[in-house]
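What follows is my_file04.cif (mmCIF, C-alpha atoms).
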data_upload
#
loop_
_atom_site.label_atom_id
_atom_site.label_comp_id
_atom_site.auth_asym_id
_atom_site.auth_seq_id
_atom_site.Cartn_x
_atom_site.Cartn_y
_atom_site.Cartn_z
CA MET E 1 -98.76 4.38 18.30
CA LYS E 2 -100.32 7.44 19.93
CA ILE E 3 -103.92 7.09 21.01
CA PRO E 4 -106.34 9.52 22.71
CA TYR E 5 -106.90 8.37 26.27
CA PHE E 6 -109.82 9.01 28.62
CA PRO E 7 -108.75 8.34 32.24
CA GLY E 8 -111.97 9.07 34.11
CA CYS E 9 -112.24 10.32 37.70
CA THR E 10 -111.37 7.20 39.62
CA LEU E 11 -108.07 6.54 37.86
CA LYS E 12 -106.90 9.85 39.26
CA THR E 13 -107.98 9.00 42.81
CA THR E 14 -108.50 5.50 44.24
CA ALA E 15 -107.30 3.64 41.13
CA GLN E 16 -103.97 5.35 40.51
CA ASN E 17 -102.35 1.92 40.45
CA PHE E 18 -104.50 1.07 37.44
CA GLU E 19 -103.48 4.17 35.51
CA MET E 20 -99.76 4.03 36.29
CA SER E 21 -99.45 0.32 35.51
CA ALA E 22 -101.38 0.72 32.25
CA ILE E 23 -99.39 3.70 31.00
CA GLU E 24 -96.04 2.10 31.84
CA SER E 25 -97.03 -1.29 30.39
CA ALA E 26 -98.33 0.30 27.21
CA LYS E 27 -95.03 2.17 26.76
CA LYS E 28 -93.21 -1.15 26.90
CA ILE E 29 -95.16 -2.37 23.89
CA GLY E 30 -95.01 0.85 21.91
CA ILE E 31 -98.37 2.41 22.75
CA GLU E 32 -98.48 5.97 24.03
CA PHE E 33 -101.62 7.20 25.78
CA ILE E 34 -102.33 10.86 25.05
CA GLU E 35 -104.65 12.15 27.75
CA LEU E 36 -107.62 14.18 26.51
CA PRO E 37 -107.20 17.87 27.28
CA ARG E 38 -110.10 19.17 29.39
CA TRP E 39 -111.81 15.79 29.76
CA ASN E 40 -114.83 15.55 32.03
CA CYS E 41 -116.52 12.79 34.01
CA CYS E 42 -118.47 10.42 31.73
CA GLY E 43 -121.35 10.16 34.19
CA VAL E 44 -120.36 6.68 35.44
CA VAL E 45 -123.68 4.98 34.71
CA ALA E 46 -125.46 5.20 31.39
CA SER E 47 -128.85 6.85 31.30
CA LEU E 48 -131.36 4.12 30.46
CA THR E 49 -134.53 6.14 30.00
CA SER E 50 -135.70 7.01 26.50
CA ASP E 51 -136.26 10.71 27.14
CA ASP E 52 -133.21 11.67 29.17
CA LEU E 53 -130.77 13.25 26.74
CA MET E 54 -129.13 15.51 29.30
CA ARG E 55 -126.96 12.74 30.66
CA HIS E 56 -125.45 12.07 27.23
CA LEU E 57 -123.90 15.52 27.14
CA ALA E 58 -120.90 14.55 29.24
CA PRO E 59 -119.81 11.66 26.98
CA VAL E 60 -120.37 13.67 23.78
CA ARG E 61 -118.30 16.55 25.11
CA ASN E 62 -115.38 14.15 25.48
CA PHE E 63 -115.85 12.92 21.91
CA ILE E 64 -115.52 16.51 20.66
CA ARG E 65 -112.19 16.70 22.55
CA VAL E 66 -110.93 13.75 20.50
CA GLN E 67 -111.88 15.50 17.27
CA GLU E 68 -109.98 18.58 18.46
CA MET E 69 -106.91 16.52 19.33
CA ASN E 70 -106.72 15.40 15.73
CA LYS E 71 -107.00 18.98 14.47
CA GLN E 72 -104.35 20.16 16.94
CA GLY E 73 -102.01 17.41 15.79
CA LEU E 74 -101.81 15.72 19.21
CA VAL E 75 -102.72 12.50 17.40
CA LYS E 76 -102.82 11.64 13.72
CA ASN E 77 -106.08 10.46 12.12
CA GLU E 78 -107.04 8.64 15.28
CA ASN E 79 -110.77 8.37 15.81
CA ARG E 80 -110.44 5.89 18.65
CA LEU E 81 -110.88 6.89 22.27
CA LEU E 82 -109.13 4.53 24.64
CA THR E 83 -110.50 3.73 28.08
CA LEU E 84 -109.22 1.62 30.95
CA CYS E 85 -112.08 1.84 33.45
CA SER E 86 -114.87 -0.59 32.55
CA MET E 87 -117.58 1.80 33.70
CA CYS E 88 -116.25 4.66 31.59
CA TYR E 89 -115.98 2.26 28.68
CA ASN E 90 -119.59 1.18 29.07
CA THR E 91 -121.08 4.63 29.63
CA LEU E 92 -119.15 6.28 26.79
CA SER E 93 -119.94 3.38 24.44
CA LEU E 94 -123.68 3.37 25.18
CA SER E 95 -123.93 7.13 24.66
CA ASN E 96 -121.92 6.89 21.48
CA LEU E 97 -124.18 4.12 20.19
CA ARG E 98 -127.23 6.30 20.76
CA MET E 99 -125.59 9.24 18.99
CA LYS E 100 -124.72 7.03 16.01
CA ASN E 101 -128.20 5.50 15.81
CA GLU E 102 -130.38 8.51 16.61
CA ALA E 103 -129.58 11.44 14.34
CA ASP E 104 -132.23 13.63 15.99
CA ASP E 105 -130.72 13.12 19.44
CA LEU E 106 -127.26 13.96 18.13
CA GLN E 107 -128.62 17.10 16.52
CA LYS E 108 -130.34 18.18 19.74
CA ILE E 109 -127.18 17.65 21.76
CA ASN E 110 -125.03 19.51 19.26
CA ASP E 111 -127.53 22.39 19.25
CA PHE E 112 -127.51 22.48 23.03
CA MET E 113 -123.72 22.63 23.14
CA HIS E 114 -123.54 25.52 20.69
CA ARG E 115 -120.65 27.06 22.59
CA GLU E 116 -118.39 24.19 21.63
CA GLU E 117 -116.28 25.15 18.64
CA GLU E 118 -117.43 22.16 16.65
CA ASN E 119 -120.21 19.60 16.54
CA TYR E 120 -119.72 15.95 17.35
CA ASP E 121 -119.69 14.21 13.98
CA GLY E 122 -120.58 10.75 15.30
CA ASN E 123 -117.35 9.14 14.09
CA ILE E 124 -115.47 8.40 17.31
CA GLU E 125 -115.01 4.77 18.36
CA VAL E 126 -114.74 4.02 22.07
CA VAL E 127 -112.29 1.18 22.67
CA HIS E 128 -111.09 -0.64 25.74
CA PHE E 129 -107.36 -1.27 26.25
CA LEU E 130 -108.01 -5.02 26.21
CA SER E 131 -109.48 -4.75 22.71
CA ILE E 132 -106.39 -2.84 21.57
CA LEU E 133 -104.19 -5.64 22.93
CA GLU E 134 -106.36 -8.25 21.24
CA GLU E 135 -106.20 -6.38 17.94
CA MET E 136 -102.43 -6.09 18.22
CA GLY E 137 -102.34 -9.82 18.89
CA PHE E 138 -101.90 -11.59 22.20
CA ASP E 139 -99.16 -13.65 20.53
CA LYS E 140 -97.25 -10.38 19.93
CA LEU E 141 -97.71 -9.43 23.57
CA ALA E 142 -96.46 -12.87 24.58
CA GLN E 143 -93.25 -12.28 22.61
CA LYS E 144 -92.54 -9.14 24.64
CA ILE E 145 -92.88 -10.81 28.02
CA THR E 146 -89.57 -10.82 29.89
CA LYS E 147 -90.84 -12.30 33.15
CA PRO E 148 -93.33 -15.09 32.46
CA LEU E 149 -95.93 -15.43 35.25
CA LYS E 150 -95.24 -19.14 35.44
CA ASP E 151 -97.52 -21.24 37.65
CA LEU E 152 -99.56 -18.25 38.79
CA LYS E 153 -103.23 -19.22 38.70
CA VAL E 154 -105.23 -16.19 37.66
CA ALA E 155 -109.04 -15.93 37.68
CA SER E 156 -110.37 -13.44 35.14
CA TYR E 157 -113.08 -11.25 36.58
CA TYR E 158 -115.00 -9.45 33.85
CA GLY E 159 -117.79 -8.05 36.01
CA CYS E 160 -120.68 -6.50 34.08
CA MET E 161 -119.54 -3.46 32.21
CA LEU E 162 -117.05 -5.05 29.80
CA LEU E 163 -119.63 -7.52 28.53
CA ARG E 164 -123.14 -6.19 28.90
CA PRO E 165 -125.31 -5.12 27.22
CA LYS E 166 -124.26 -7.09 24.15
CA GLU E 167 -124.19 -4.05 21.85
CA VAL E 168 -121.16 -2.68 23.66
CA GLY E 169 -119.59 -5.86 25.05
CA ILE E 170 -115.93 -6.40 24.15
CA ASP E 171 -116.54 -10.15 23.96
CA ASP E 172 -119.31 -12.75 24.11
CA ALA E 173 -121.64 -11.86 27.00
CA GLU E 174 -121.98 -15.43 28.28
CA ALA E 175 -118.71 -17.10 27.28
CA PRO E 176 -115.99 -14.44 27.13
CA ALA E 177 -112.35 -15.40 26.55
CA ILE E 178 -110.47 -12.16 26.01
CA LEU E 179 -109.14 -11.91 29.58
CA GLU E 180 -108.16 -15.59 29.60
CA ASN E 181 -106.28 -15.08 26.32
CA PHE E 182 -104.57 -12.13 27.93
CA VAL E 183 -103.63 -14.24 30.97
CA LYS E 184 -102.18 -16.93 28.69
CA SER E 185 -100.07 -14.34 26.87
CA LEU E 186 -98.43 -13.50 30.21
CA LYS E 187 -97.70 -17.25 30.57
CA ALA E 188 -99.87 -17.47 33.66
CA GLU E 189 -102.46 -20.19 34.18
CA THR E 190 -106.13 -19.48 33.61
CA VAL E 191 -108.80 -20.56 36.07
CA ASP E 192 -112.10 -22.06 34.97
CA TRP E 193 -114.71 -20.62 37.32
CA ASP E 194 -118.34 -19.56 37.48
CA ALA E 195 -118.27 -16.10 39.00
CA GLY E 196 -116.24 -14.28 36.34
CA SER E 197 -119.10 -12.17 35.07
CA ARG E 198 -121.27 -12.08 38.17
CA CYS E 199 -122.03 -8.57 39.46
CA CYS E 200 -119.98 -7.48 42.52
CA GLY E 201 -122.80 -5.27 43.83
CA SER E 202 -121.55 -2.12 42.13
CA TYR E 203 -122.58 1.21 43.67
CA HIS E 204 -124.60 -0.52 46.41
CA THR E 205 -121.26 -0.31 48.20
CA VAL E 206 -122.24 3.28 49.10
CA ASN E 207 -125.43 2.68 51.07
CA ASN E 208 -126.18 -1.06 51.10
CA VAL E 209 -122.83 -2.66 51.74
CA ASP E 210 -124.30 -5.96 52.99
CA ILE E 211 -125.40 -6.77 49.43
CA VAL E 212 -121.81 -6.23 48.32
CA TYR E 213 -120.40 -8.37 51.15
CA ASN E 214 -122.64 -11.27 50.13
CA LEU E 215 -121.76 -11.06 46.46
CA VAL E 216 -118.04 -10.57 47.10
CA LYS E 217 -117.97 -13.56 49.46
CA GLY E 218 -119.56 -15.71 46.74
CA ILE E 219 -117.09 -14.52 44.12
CA ILE E 220 -114.03 -15.10 46.34
CA LEU E 221 -115.23 -18.52 47.48
CA ASP E 222 -115.78 -19.57 43.87
CA ALA E 223 -112.30 -18.36 42.92
CA ARG E 224 -110.76 -20.27 45.85
CA LYS E 225 -112.73 -23.42 45.07
CA ASN E 226 -111.32 -23.40 41.56
CA GLY E 227 -107.75 -22.91 42.66
CA ALA E 228 -107.22 -19.20 41.91
CA GLU E 229 -104.24 -17.47 43.51
CA ALA E 230 -105.10 -14.04 42.10
CA ILE E 231 -108.05 -12.27 40.51
CA ILE E 232 -107.72 -9.66 37.77
CA THR E 233 -110.19 -6.94 36.85
CA SER E 234 -110.40 -3.80 34.75
CA CYS E 235 -113.06 -2.02 36.80
CA PRO E 236 -112.09 0.30 39.67
CA LEU E 237 -115.47 -0.27 41.33
CA CYS E 238 -115.16 -4.07 41.10
CA ALA E 239 -111.61 -3.66 42.39
CA PHE E 240 -112.80 -1.61 45.36
CA ASN E 241 -115.53 -4.12 46.21
CA LEU E 242 -113.35 -7.18 45.70
CA ASP E 243 -110.29 -5.70 47.41
CA VAL E 244 -111.36 -3.23 50.11
CA ARG E 245 -114.68 -4.90 50.96
CA GLN E 246 -112.95 -8.30 50.95
CA SER E 247 -110.47 -7.01 53.52
CA GLU E 248 -113.41 -5.91 55.68
CA ILE E 249 -114.96 -9.38 55.37
CA LYS E 250 -111.64 -10.80 56.52
CA LYS E 251 -111.61 -8.46 59.53
CA ASP E 252 -115.00 -9.76 60.68
CA ASN E 253 -114.25 -13.39 59.76
CA PRO E 254 -110.61 -14.18 60.60
CA ASP E 255 -110.89 -17.63 59.01
CA PHE E 256 -111.86 -16.17 55.64
CA GLN E 257 -109.15 -16.90 53.09
CA THR E 258 -108.46 -13.81 51.02
CA ILE E 259 -107.28 -13.63 47.42
CA PRO E 260 -105.20 -10.73 46.07
CA ILE E 261 -106.94 -8.51 43.52
CA PHE E 262 -104.92 -6.99 40.67
CA TYR E 263 -105.74 -4.69 37.81
CA PHE E 264 -104.93 -6.70 34.69
CA THR E 265 -102.36 -4.07 33.79
CA GLN E 266 -100.48 -4.63 37.06
CA LEU E 267 -99.78 -8.25 36.16
CA MET E 268 -99.02 -7.18 32.61
CA GLY E 269 -96.46 -4.69 33.93
CA ILE E 270 -94.79 -7.30 36.13
CA ALA E 271 -94.59 -9.69 33.17
CA LEU E 272 -93.08 -6.93 31.04
CA GLY E 273 -90.36 -6.41 33.64
CA LEU E 274 -91.69 -3.39 35.55
CA ASP E 275 -90.92 -3.24 39.26
CA LYS E 276 -93.57 -3.31 41.98
CA LYS E 277 -93.45 0.44 42.47
CA ALA E 278 -94.08 1.13 38.80
CA VAL E 279 -97.28 -0.91 38.88
CA GLY E 280 -98.40 0.61 42.18
CA LEU E 281 -98.72 -2.55 44.25
CA GLU E 282 -98.67 -0.49 47.45
CA PHE E 283 -102.16 0.83 46.57
CA ASN E 284 -103.73 -2.65 46.63
CA LYS E 285 -105.47 -3.36 49.92
CA ILE E 286 -105.13 -7.15 50.20
CA ASP E 287 -101.46 -8.12 50.17
CA THR E 288 -100.28 -8.82 46.62
CA GLU E 289 -96.59 -9.28 47.30
CA ASP E 290 -96.63 -12.65 49.08
CA ILE E 291 -97.90 -14.56 46.09
CA LEU E 292 -95.63 -12.70 43.66
CA LYS E 293 -92.58 -13.37 45.87
CA LYS E 294 -93.58 -17.01 46.17
CA LYS E 295 -93.57 -17.24 42.36
CA LYS E 296 -90.26 -15.32 42.28
CA LEU E 297 -91.78 -12.48 40.26
CA ILE E 298 -90.74 -9.57 42.49
CA MET T 1 -141.88 -18.36 49.35
CA ALA T 2 -145.43 -18.07 48.01
CA GLN T 3 -147.10 -14.72 48.43
CA ILE T 4 -150.58 -13.46 47.67
CA ILE T 5 -150.71 -10.37 45.51
CA LYS T 6 -154.07 -8.59 45.37
CA LEU T 7 -154.66 -7.04 41.98
CA LYS T 8 -156.38 -3.72 41.47
CA ASP T 9 -158.07 -2.64 38.23
CA LYS T 10 -155.63 -2.32 35.38
CA ASP T 11 -154.09 1.16 35.19
CA THR T 12 -153.27 1.43 31.50
CA ASP T 13 -151.73 4.88 31.94
CA PHE T 14 -149.16 3.45 34.34
CA LEU T 15 -148.24 0.65 31.93
CA GLU T 16 -147.91 3.11 29.06
CA LYS T 17 -145.84 5.51 31.12
CA ILE T 18 -143.35 2.79 32.01
CA MET T 19 -143.24 1.54 28.41
CA GLU T 20 -142.56 5.05 27.16
CA LEU T 21 -139.88 5.85 29.72
CA SER T 22 -138.12 2.52 29.27
CA GLY T 23 -138.68 2.27 25.54
CA GLU T 24 -139.51 -1.41 26.09
CA GLN T 25 -142.60 -3.26 24.85
CA ILE T 26 -143.29 -4.78 28.26
CA THR T 27 -146.38 -6.67 27.04
CA LEU T 28 -144.07 -8.96 25.04
CA CYS T 29 -142.91 -10.63 28.28
CA GLU T 30 -144.01 -14.25 28.28
CA GLN T 31 -143.19 -14.89 31.96
CA CYS T 32 -140.53 -17.55 31.31
CA GLY T 33 -138.65 -16.47 34.45
CA THR T 34 -135.16 -16.44 32.91
CA CYS T 35 -134.53 -12.95 34.31
CA SER T 36 -135.40 -13.98 37.86
CA ALA T 37 -133.41 -17.22 37.62
CA GLY T 38 -130.20 -15.45 36.65
CA CYS T 39 -130.48 -12.26 38.68
CA PRO T 40 -127.51 -12.03 41.10
CA PHE T 41 -129.62 -9.82 43.39
CA VAL T 42 -132.85 -11.83 43.45
CA SER T 43 -132.38 -13.02 47.03
CA GLU T 44 -132.39 -9.37 48.16
CA MET T 45 -135.62 -8.52 46.32
CA ASP T 46 -139.15 -8.62 47.71
CA ILE T 47 -140.70 -9.19 44.28
CA ASN T 48 -138.59 -10.90 41.64
CA PRO T 49 -137.91 -9.34 38.22
CA SER T 50 -140.36 -11.44 36.19
CA GLN T 51 -143.11 -10.67 38.72
CA ILE T 52 -142.33 -6.97 38.33
CA MET T 53 -142.79 -7.35 34.58
CA ARG T 54 -146.15 -9.07 35.07
CA LEU T 55 -147.38 -6.47 37.55
CA VAL T 56 -146.41 -3.60 35.27
CA MET T 57 -148.07 -5.41 32.37
CA LEU T 58 -151.25 -5.58 34.47
CA GLY T 59 -150.98 -1.86 35.21
CA GLN T 60 -150.43 -2.33 38.92
CA GLU T 61 -148.93 0.88 40.28
CA SER T 62 -148.36 -0.96 43.56
CA VAL T 63 -144.98 -2.12 42.15
CA MET T 64 -143.77 1.32 43.15
CA ASP T 65 -143.87 0.11 46.78
CA SER T 66 -141.49 -2.74 46.00
CA LYS T 67 -137.78 -2.34 46.73
CA THR T 68 -136.82 -4.47 43.71
CA MET T 69 -136.08 -1.56 41.38
CA TRP T 70 -133.74 -0.06 43.96
CA ILE T 71 -131.88 -3.36 44.38
CA CYS T 72 -131.42 -3.77 40.62
CA ALA T 73 -127.91 -2.46 39.86
CA SER T 74 -128.26 -2.42 36.05
CA CYS T 75 -125.84 -5.34 35.70
CA PHE T 76 -127.66 -6.32 32.47
CA THR T 77 -127.51 -10.06 33.21
CA CYS T 78 -131.25 -10.43 32.51
CA THR T 79 -130.98 -8.12 29.52
CA VAL T 80 -128.56 -10.37 27.65
CA ARG T 81 -130.62 -13.47 28.47
CA CYS T 82 -134.23 -12.42 27.80
CA PRO T 83 -135.59 -14.60 24.97
CA ARG T 84 -137.98 -11.74 24.06
CA LYS T 85 -135.00 -9.35 23.90
CA LEU T 86 -136.56 -7.12 26.56
CA ASP T 87 -134.23 -4.86 28.51
CA LEU T 88 -135.32 -5.17 32.14
CA SER T 89 -132.55 -2.81 33.24
CA LYS T 90 -134.41 -0.11 31.35
CA VAL T 91 -137.68 -1.08 33.02
CA SER T 92 -136.05 -0.77 36.46
CA GLU T 93 -134.61 2.60 35.48
CA ALA T 94 -138.04 3.78 34.36
CA LEU T 95 -139.59 2.70 37.68
CA ARG T 96 -136.83 4.46 39.64
CA GLN T 97 -137.29 7.58 37.55
CA VAL T 98 -141.02 7.74 38.32
CA THR T 99 -140.09 8.22 41.99
CA LEU T 100 -136.94 10.30 41.49
CA ARG T 101 -138.64 12.73 39.14
CA GLY T 102 -141.08 13.46 41.94
CA ALA T 103 -138.04 14.81 43.83
CA ILE T 104 -138.01 11.88 46.26
CA ASP T 105 -134.46 10.63 46.76
CA GLU T 106 -133.64 7.05 47.68
CA ILE T 107 -130.37 7.92 49.38
CA ASP T 108 -129.62 10.47 52.07
CA ILE T 109 -126.15 11.81 51.41
CA LYS T 110 -125.82 12.87 55.05
CA GLU T 111 -125.94 9.22 56.09
CA ILE T 112 -122.59 8.48 54.47
CA SER T 113 -119.94 8.71 57.18
CA ASP T 114 -116.83 10.81 56.64
CA GLU T 115 -114.73 7.69 56.91
CA GLU T 116 -116.66 5.97 54.12
CA ALA T 117 -116.79 9.12 51.99
CA LEU T 118 -113.01 9.34 52.02
CA LYS T 119 -112.58 5.69 51.18
CA LEU T 120 -115.18 5.26 48.42
CA PRO T 121 -114.10 5.49 44.80
CA THR T 122 -115.56 8.39 42.81
CA ILE T 123 -117.42 6.06 40.46
CA ALA T 124 -119.25 4.46 43.39
CA VAL T 125 -120.44 7.80 44.71
CA VAL T 126 -121.39 9.31 41.35
CA GLY T 127 -123.02 6.05 40.22
CA SER T 128 -125.04 5.83 43.42
CA PHE T 129 -126.21 9.44 43.27
CA ARG T 130 -127.18 9.06 39.62
CA LYS T 131 -129.30 6.03 40.41
CA PHE T 132 -130.72 7.16 43.74
CA THR T 133 -131.26 10.91 43.48
CA GLY T 134 -133.52 12.95 41.23
#
Can you give me the file's structure in the form of structure tokens?
Amino acid sequence: MKIPYFPGCTLKTTAQNFEMSAIESAKKIGIEFIELPRWNCCGVVASLTSDDLMRHLAPVRNFIRVQEMNKQGLVKNENRLLTLCSMCYNTLSLSNLRMKNEADDLQKINDFMHREEENYDGNIEVVHFLSILEEMGFDKLAQKITKPLKDLKVASYYGCMLLRPKEVGIDDAEAPAILENFVKSLKAETVDWDAGSRCCGSYHTVNNVDIVYNLVKGIILDARKNGAEAIITSCPLCAFNLDVRQSEIKKDNPDFQTIPIFYFTQLMGIALGLDKKAVGLEFNKIDTEDILKKKKLI
Amino acid sequence: MAQIIKLKDKDTDFLEKIMELSGEQITLCEQCGTCSAGCPFVSEMDINPSQIMRLVMLGQESVMDSKTMWICASCFTCTVRCPRKLDLSKVSEALRQVTLRGAIDEIDIKEISDEEALKLPTIAVVGSFRKFTG
């Protein structure tokens, strides 16, 4: 299956391990990501004011690229746009929802972008890779696992952007299970914990890092308390806060017990038989290899 | 901690401006406090989210002096829990925009050290600038 793929800025910079592990894992299960030609940044955070249409231009421009890919034959009748980054998923989805619901806004945006060769027709569906896996069937994924992640206790960290607001959430906003089902398909153990959808502090990491330290500490302590040996995420900003900021907490508090942070696709890759280089473990800040060696997975 | 808030005369224009920008019918808020109870940032705020709603409802432009709207990170936790289906993330955005549209930024880019700038992921920087600059 070939599917149009929107990487977003961060997967090309600080989250290269996310992109490489996702692409390689997807190949193993017969999914080929076709990167959008001439994609542009989605804007990262959705515009939440009623009158600000300008910030929806960036998402819509990417949707037009998907339409063009179909015409150029890069994909066949594929109106889905696949994302990996949770923030891209959320921002693109919220803009798309507005375009589908508000015909006048769509018209205005299309008029404004008159130099595009075609209008956005409102028919693109933004999907997250996890939803594609769920649709394919986690049981099918389980059958393809060559290296079961036996005894590895994995806490699923959803963060905010995969679940909220409800209109674009990939699962129930208060009691999600999609990541846990994913973890089970890799034959790892799920962890029942409280902090799985608690905000990590997001962009406050730029100019108010103490907020992030406090939230990250709470999340890591909760994971530890409930026996987690690893945390998975699909958000490069959550990953930065949980991984890099956690390592800074450790530096200031030598007694602090760290937990390795993985992109969900990194564990997926390991379970599908990819080596540690192919899933980019060297890019993770907190050591990830100890626990994997202990479980005889690398 | 209890605090005394002195009310001024109701500024209906302010209330209407925030309702228009946010698209939310703020007067529907029944002050149940669910938003404040679940907010992961509430301990960092000077006025909690339900109090912000009440003050806006009463047309108190003094909420603009609060740092609450700048602490709100649009995590949408309150949004999915509000029994009146109000989107407080949109209300915070509207309050931020009132300041930002007056060309007053909340972040000074020069204050980010080179070391941090090199380390930060793109989405953190772009997200921050979109929320904190006009």
task = Determine the residue membership of the PyMOL selection byres ((chain E) within 7 of (chain T)) for the file above and supply it as JSON, numbers by chain.
result = {"E": [9, 10, 14, 44, 45, 48, 49, 50, 51, 160, 164, 165, 166, 198, 199, 202, 203, 206, 237]}
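Going from CA of Ile5 (chain T) over to CA of Thr133 (chain T), you cover 28.9 Å.
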inquiry  = Show me, as a list in words, the residues that have an atom within 9 Å of Pro7 (chain E) when counting only C-alpha atoms, minus same-chain residues fewer than 5 positions from it.
reply    = Lys12, Glu19, Glu35, Leu36, Trp39, Leu82, Thr83, Leu84, Cys85 and Cys88 of chain E
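Across the structure, CA of Lys153 (chain E) and CA of Gly30 (chain E) are spaced 27.4 Å apart.
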ask   = What residues come out when you apply the PyMOL selection byres ((chain E and resi 149) around 8) to this file, written as a ChimeraX atom specification?
value = /E:147-148,150-152,186-188,271,295,297
inquiry  = Translate the PyMOL selection byres ((chain E and resi 264) around 8) into a concrete residue list for this structure, as a count of residues only.
reply    = 9
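Proximity ranking of E:Met69, E:Ile286, E:Ala173, E:Ile219 relative to Glu248 (chain E) places E:Ile286 first, based on only C-alpha atoms.
Of the residues under consideration (T:Arg84, T:Lys67, T:Lys10, T:Lys17), T:Arg84 shows the shortest atom-to-atom contact distance to Cys32 (chain T) when counting all atoms listed in the file.
Across the structure, CA of Lys28 (chain E) and CA of Lys144 (chain E) are spaced 8.3 Å apart.
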query = Which neighbours of region 46-50 of chain T fall inside 9 Å, counting all atoms listed in the file, when residues of the same chain fewer than 4 positions from it are skipped, and could you give them as a VMD selection string?
reply = chain T and resid 29 31 to 36 39 42 54 to 55 63 66 to 69 72 78 88 92
task = Tell me, as a PyMOL selection string, which residues lie within 9 Å of Asn62 (chain E), counting only C-alpha atoms; anything in the same chain fewer than 2 positions away does not count.
result = chain E and resi 6+36+38-42+57-60+64-66+92
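Among the candidates E:Gln67, E:Asn90, E:Ser25, E:Asn17, the one nearest to Lys285 (chain E) when counting all atoms listed in the file is E:Asn17.
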message = What's around Phe182 (chain E) at 10 Å? Count only C-alpha atoms, leave out sequence neighbours fewer than 5 positions away in its own chain, and write the answer as a ChimeraX atom specification.
response = /E:130,133-134,137-139,141-142,156,177,187-188,190,264,268
ask   = Which residues come within 8 Å of Ile26 (chain T), counting all atoms listed in the file, excluding same-chain residues fewer than 4 positions away, as a VMD selection string?
value = chain T and resid 19 53 56 to 57 86
Given the selection you just returned, output its residues as a file containing C-alpha atoms, formatted as an mmCIF file, in the frame of the given file.
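As a result, selection15.cif now contains:
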data_model
loop_
_atom_site.group_PDB
_atom_site.id
_atom_site.type_symbol
_atom_site.label_atom_id
_atom_site.label_comp_id
_atom_site.auth_asym_id
_atom_site.auth_seq_id
_atom_site.Cartn_x
_atom_site.Cartn_y
_atom_site.Cartn_z
ATOM 1 C CA MET T 19 -143.240 1.540 28.410
ATOM 2 C CA MET T 53 -142.790 -7.350 34.580
ATOM 3 C CA VAL T 56 -146.410 -3.600 35.270
ATOM 4 C CA MET T 57 -148.070 -5.410 32.370
ATOM 5 C CA LEU T 86 -136.560 -7.120 26.560
#
